[in-house]
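What follows is one structure encoded as structure tokens, with my remarks underneath.
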Amino acid sequence: MARPLRFEAPGAVYHVMARGEGGKNVFEDDLDRIVWLDRLGEACGSHGWRVHAWVLMGNHFHLLIETPEPNLVSGMKWLMGVYAQGWNRRRNRHGHVFQGRYKAVRVNGECSGHYFRIVADYIHLNPVRSGWVGGTSGKTLKDWKWSSFPQYSGRRAPLWLETDRVLEAFRLSPDGRGKRAYAGYLEERAKDREGVLTDESLAMLRRGWYLGDETFAKKLLSNLDAAVSKKRRARSLRGDAVRAHDEAEAERLVVRALEWMNLPPKSKDLVGRGKWLKEKSLVAALVRKKTGVKNRWVADRLGMGVEGNVTIALRRVRESGELKKKFEKLEEVLSAND
């Protein structure tokens, strides 16, 4: 079964989250939470991680984590595996505790700190969205002690939690004054349960595989080239990052192929029954061979209508001696220019 690509890099920042199997609670009581935090501290010690924000809910957790070394995969495997073993042992049961693999979204921690702030706010305000604190609950955000927020607002922090980076993102000093300002800001936001996150922030957080601007995305995609090329075997990779990489590479190939064949570059100009049938078949075959994009993407990009037309186009190239030769020539020309 295809697995999501875990793209690791030195100094990378991630928003990491995971849920309980079938939506069940993985933190049923305070002992579970204490054990999880102990294990997290051990993972930070052994892997050099820097945690900037965290929260434990009933059936899931969130982390804003920085990995000075490219070791997120090994660390998360150990952390979730050891916790799950202990959780099962305590209850004399077997089976999965977490629902599949964790999700890790790359975060742009550079520049103004804008995206760093979005994730930190999202994590710290999680208990508000659940209705446990803030809003009309009669409780303050600080009352939910199973997050890093109380440690930003005065409670003693574990050695593995670093608060300076979040405060810096808000242009606040790393001392008590800065922490008080940050705590006051979030407590004020927690009073309005419906407005804890803007529509823009939610859209960014739900984007999929990264959180940052277009320049950051392009940088990640360029760094993914080697990883995807090295690990892809018979479509053995999946996930939002891989799909974005494939679509970017497919677009590059389409533009170059259309240019070489003197065809219009825009999709709307390629639409038409039987229009440039052989030429578009060649481009479709090239894209499907070189990338993992779906037929739907190819059909939309080349103005080919329904997905079935792409299947027909691929068969056309395979079965035609004339088109096979043209396909080989197209590959040769594009490869020579790379």
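Scheme for the structure tokens: letters A, B, ... for chains in order shown; per-chain residue numbers from 1; ligand numbers from 1 in order shown.
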Q) Where in stretch 11-219 of chain A does DSSP assign alpha helix (DSSP H), given as a PyMOL selection string? A) chain A and resi 30-47+72-91+114-124+126-129+149-152+164-169+176-190+199-205+214-219
Just C-alpha atoms for this one: save the residues we selected as a JSON list (two decimals), in the first residue's frame.
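The file below, selection.json, is the result:
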[["chain", "number", "residue", "atom", "x", "y", "z"],
["A", 30, "ASP", "CA", -4.28, 12.54, 33.90],
["A", 31, "LEU", "CA", -1.97, 9.53, 34.16],
["A", 32, "ASP", "CA", -2.17, 9.06, 30.38],
["A", 33, "ARG", "CA", -1.29, 12.71, 29.88],
["A", 34, "ILE", "CA", 1.61, 12.61, 32.32],
["A", 35, "VAL", "CA", 3.02, 9.51, 30.64],
["A", 36, "TRP", "CA", 2.71, 11.13, 27.21],
["A", 37, "LEU", "CA", 4.58, 14.24, 28.35],
["A", 38, "ASP", "CA", 7.29, 12.08, 29.94],
["A", 39, "ARG", "CA", 7.72, 10.20, 26.67],
["A", 40, "LEU", "CA", 7.74, 13.44, 24.69],
["A", 41, "GLY", "CA", 10.48, 14.77, 26.96],
["A", 42, "GLU", "CA", 12.50, 11.60, 26.36],
["A", 43, "ALA", "CA", 12.08, 11.93, 22.59],
["A", 44, "CYS", "CA", 13.24, 15.54, 22.76],
["A", 45, "GLY", "CA", 16.28, 14.50, 24.76],
["A", 46, "SER", "CA", 17.29, 11.67, 22.42],
["A", 47, "HIS", "CA", 16.50, 13.50, 19.15],
["A", 72, "LEU", "CA", 11.13, 13.46, 12.72],
["A", 73, "VAL", "CA", 10.20, 10.01, 11.41],
["A", 74, "SER", "CA", 12.35, 7.98, 13.79],
["A", 75, "GLY", "CA", 11.38, 10.16, 16.75],
["A", 76, "MET", "CA", 7.64, 10.01, 16.10],
["A", 77, "LYS", "CA", 7.79, 6.27, 15.49],
["A", 78, "TRP", "CA", 9.45, 5.80, 18.87],
["A", 79, "LEU", "CA", 7.21, 8.29, 20.70],
["A", 80, "MET", "CA", 3.88, 6.96, 19.45],
["A", 81, "GLY", "CA", 4.98, 3.33, 19.58],
["A", 82, "VAL", "CA", 6.23, 3.42, 23.18],
["A", 83, "TYR", "CA", 3.20, 5.38, 24.35],
["A", 84, "ALA", "CA", 0.81, 2.95, 22.61],
["A", 85, "GLN", "CA", 2.55, -0.07, 24.16],
["A", 86, "GLY", "CA", 2.21, 1.41, 27.63],
["A", 87, "TRP", "CA", -1.40, 2.46, 27.00],
["A", 88, "ASN", "CA", -2.34, -1.06, 25.95],
["A", 89, "ARG", "CA", -0.39, -2.69, 28.76],
["A", 90, "ARG", "CA", -2.12, -0.55, 31.36],
["A", 91, "ARG", "CA", -5.50, -1.72, 30.05],
["A", 114, "HIS", "CA", 3.33, 35.04, 10.58],
["A", 115, "TYR", "CA", 2.82, 31.31, 10.04],
["A", 116, "PHE", "CA", 4.51, 30.44, 13.31],
["A", 117, "ARG", "CA", 1.93, 32.60, 15.09],
["A", 118, "ILE", "CA", -0.97, 30.94, 13.28],
["A", 119, "VAL", "CA", 0.03, 27.44, 14.39],
["A", 120, "ALA", "CA", 0.85, 28.45, 17.96],
["A", 121, "ASP", "CA", -2.54, 30.16, 18.28],
["A", 122, "TYR", "CA", -4.33, 27.18, 16.75],
["A", 123, "ILE", "CA", -2.70, 24.78, 19.20],
["A", 124, "HIS", "CA", -3.23, 26.88, 22.30],
["A", 126, "ASN", "CA", -7.84, 24.05, 20.78],
["A", 127, "PRO", "CA", -9.59, 23.65, 24.17],
["A", 128, "VAL", "CA", -11.66, 26.77, 23.40],
["A", 129, "ARG", "CA", -12.97, 25.35, 20.13],
["A", 149, "PHE", "CA", -0.20, 27.88, 27.30],
["A", 150, "PRO", "CA", -0.08, 27.86, 31.13],
["A", 151, "GLN", "CA", 3.71, 27.66, 30.81],
["A", 152, "TYR", "CA", 3.63, 30.78, 28.67],
["A", 164, "ASP", "CA", 11.28, 32.36, 22.98],
["A", 165, "ARG", "CA", 10.47, 31.55, 19.34],
["A", 166, "VAL", "CA", 6.72, 32.10, 19.68],
["A", 167, "LEU", "CA", 7.21, 35.30, 21.67],
["A", 168, "GLU", "CA", 9.66, 36.53, 19.07],
["A", 169, "ALA", "CA", 7.09, 35.83, 16.33],
["A", 176, "GLY", "CA", 7.99, 37.74, 32.06],
["A", 177, "ARG", "CA", 6.64, 40.91, 30.54],
["A", 178, "GLY", "CA", 6.47, 39.34, 27.08],
["A", 179, "LYS", "CA", 4.82, 36.20, 28.42],
["A", 180, "ARG", "CA", 2.19, 38.23, 30.26],
["A", 181, "ALA", "CA", 1.40, 40.15, 27.08],
["A", 182, "TYR", "CA", 1.04, 36.94, 25.07],
["A", 183, "ALA", "CA", -1.13, 35.34, 27.76],
["A", 184, "GLY", "CA", -3.39, 38.39, 27.91],
["A", 185, "TYR", "CA", -3.76, 38.41, 24.14],
["A", 186, "LEU", "CA", -4.83, 34.75, 23.99],
["A", 187, "GLU", "CA", -7.12, 34.97, 27.02],
["A", 188, "GLU", "CA", -8.92, 37.84, 25.31],
["A", 189, "ARG", "CA", -9.34, 35.79, 22.13],
["A", 190, "ALA", "CA", -10.57, 32.81, 24.15],
["A", 199, "ASP", "CA", -11.37, 32.16, 8.04],
["A", 200, "GLU", "CA", -8.02, 32.99, 6.43],
["A", 201, "SER", "CA", -6.09, 31.21, 9.17],
["A", 202, "LEU", "CA", -8.30, 28.12, 8.96],
["A", 203, "ALA", "CA", -7.90, 28.01, 5.19],
["A", 204, "MET", "CA", -4.12, 28.10, 5.59],
["A", 205, "LEU", "CA", -4.12, 25.38, 8.23],
["A", 214, "GLU", "CA", 4.31, 30.53, -2.47],
["A", 215, "THR", "CA", 8.06, 31.07, -2.21],
["A", 216, "PHE", "CA", 8.23, 28.64, 0.69],
["A", 217, "ALA", "CA", 6.15, 26.09, -1.26],
["A", 218, "LYS", "CA", 8.45, 26.34, -4.28],
["A", 219, "LYS", "CA", 11.47, 25.84, -2.05]]
Q.
Please identify the strand (DSSP E) residues within stretch 30-83 of chain A (assignment by DSSP from backbone atoms) and present them as a ChimeraX atom specification.
A. /A:50-56,60-67
Selected residues, C-alpha atoms, written as a compact mmCIF listing (two decimals), in the first residue's frame, please.
# COMPACT_ATOMS: atom_id res chain seq x y z
CA ARG A 50 12.60 21.75 20.24
CA VAL A 51 8.92 21.94 21.12
CA HIS A 52 7.39 25.42 20.82
CA ALA A 53 3.73 24.62 21.57
CA TRP A 54 1.70 21.56 22.45
CA VAL A 55 -1.78 20.53 23.55
CA LEU A 56 -3.38 17.26 24.62
CA HIS A 60 -5.76 13.79 19.75
CA PHE A 61 -2.66 15.91 20.25
CA HIS A 62 -0.93 18.80 18.48
CA LEU A 63 2.74 19.78 18.50
CA LEU A 64 4.66 22.70 17.02
CA ILE A 65 8.06 21.12 16.79
CA GLU A 66 11.47 21.94 15.33
CA THR A 67 13.98 19.25 14.35
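Comparing the minimum interatomic distances between A:Gly109 and each of A:Lys294, A:Arg193, A:His15, A:Arg256, counting only C-alpha atoms, we find that A:His15 sits nearest.
With only C-alpha atoms as the atoms that count, the minimum distance from A:Gly272 to the choices A:Leu253, A:Val310, A:Leu286, A:Met304 is reached by A:Met304.
Restricting the calculation to only C-alpha atoms, the smallest distance between A:Ala244 and any of A:Val133, A:Ala285, A:Leu277, A:Val293 is found for A:Val293.
Using only C-alpha atoms, the protein and nucleic acid residues lying no more than 10 Å from stretch 315-318 of chain A, apart from those fewer than 3 places from it along its own chain, are Leu277, Lys278, Ser281, Leu282, Ala284, Ala285, Asn309, Val310, Thr311, Ile312, Gly321, Glu322, Leu323, Lys324, Lys325, Lys326 and Phe327 of chain A.
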Could you please take those selected residues and save N, CA and C atoms as a CSV table (one decimal), in the first residue's frame?
chain,number,residue,atom,x,y,z
A,277,LEU,N,-5.3,16.0,-31.7
A,277,LEU,CA,-5.5,14.7,-31.0
A,277,LEU,C,-4.1,14.0,-30.8
A,278,LYS,N,-3.3,13.9,-31.8
A,278,LYS,CA,-2.0,13.2,-31.6
A,278,LYS,C,-1.1,13.9,-30.7
A,281,SER,N,-2.0,13.6,-27.2
A,281,SER,CA,-1.8,12.2,-26.7
A,281,SER,C,-0.3,12.0,-26.3
A,282,LEU,N,0.6,12.6,-27.1
A,282,LEU,CA,2.0,12.5,-26.8
A,282,LEU,C,2.3,13.2,-25.5
A,284,ALA,N,0.2,13.8,-23.0
A,284,ALA,CA,-0.4,13.0,-21.9
A,284,ALA,C,0.4,11.8,-21.6
A,285,ALA,N,0.9,11.1,-22.6
A,285,ALA,CA,1.8,10.0,-22.3
A,285,ALA,C,3.1,10.3,-21.6
A,309,ASN,N,-10.8,9.8,-22.0
A,309,ASN,CA,-10.1,10.2,-23.2
A,309,ASN,C,-8.6,10.2,-23.0
A,310,VAL,N,-8.1,10.3,-21.7
A,310,VAL,CA,-6.7,10.2,-21.4
A,310,VAL,C,-6.3,8.7,-21.6
A,311,THR,N,-7.1,7.8,-21.1
A,311,THR,CA,-6.8,6.4,-21.2
A,311,THR,C,-6.7,6.0,-22.7
A,312,ILE,N,-7.6,6.5,-23.5
A,312,ILE,CA,-7.6,6.3,-25.0
A,312,ILE,C,-6.3,6.8,-25.6
A,321,GLY,N,3.0,2.9,-34.2
A,321,GLY,CA,4.4,3.0,-34.4
A,321,GLY,C,4.9,4.4,-34.7
A,322,GLU,N,4.1,5.1,-35.4
A,322,GLU,CA,4.4,6.5,-35.7
A,322,GLU,C,4.5,7.4,-34.5
A,323,LEU,N,3.5,7.2,-33.6
A,323,LEU,CA,3.4,8.0,-32.4
A,323,LEU,C,4.5,7.6,-31.4
A,324,LYS,N,4.9,6.3,-31.4
A,324,LYS,CA,6.0,5.8,-30.6
A,324,LYS,C,7.3,6.5,-30.9
A,325,LYS,N,7.5,6.7,-32.2
A,325,LYS,CA,8.7,7.3,-32.6
A,325,LYS,C,8.7,8.8,-32.2
A,326,LYS,N,7.6,9.5,-32.4
A,326,LYS,CA,7.4,10.9,-32.0
A,326,LYS,C,7.6,11.0,-30.5
A,327,PHE,N,7.0,10.1,-29.8
A,327,PHE,CA,7.1,10.1,-28.3
A,327,PHE,C,8.6,10.0,-27.9
Q. Using only C-alpha atoms, which of the listed residues (A:Arg19, A:Lys290, A:Lys103, A:Lys329) sits closest to A:Val254?
A. A:Lys290
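Take the candidates A:Ser335, A:Leu330, A:Ser130, A:Val287 and check each one against A:Ala313 using only C-alpha atoms; the shortest distance goes to A:Val287.
You can rank A:Gly20, A:Gly11, A:Gly135, A:Gly308 by their closest distance to A:Trp49 using only C-alpha atoms, and at the top of that list sits A:Gly11.
Take atom CA of A:Tyr14 and atom CA of A:Arg156: the distance between them is 24.2 Å.
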(Q) What's the separation between atom CA of A:Ser148 and atom CA of A:Thr163, in Å to one decimal place? (A) 8.9 Å
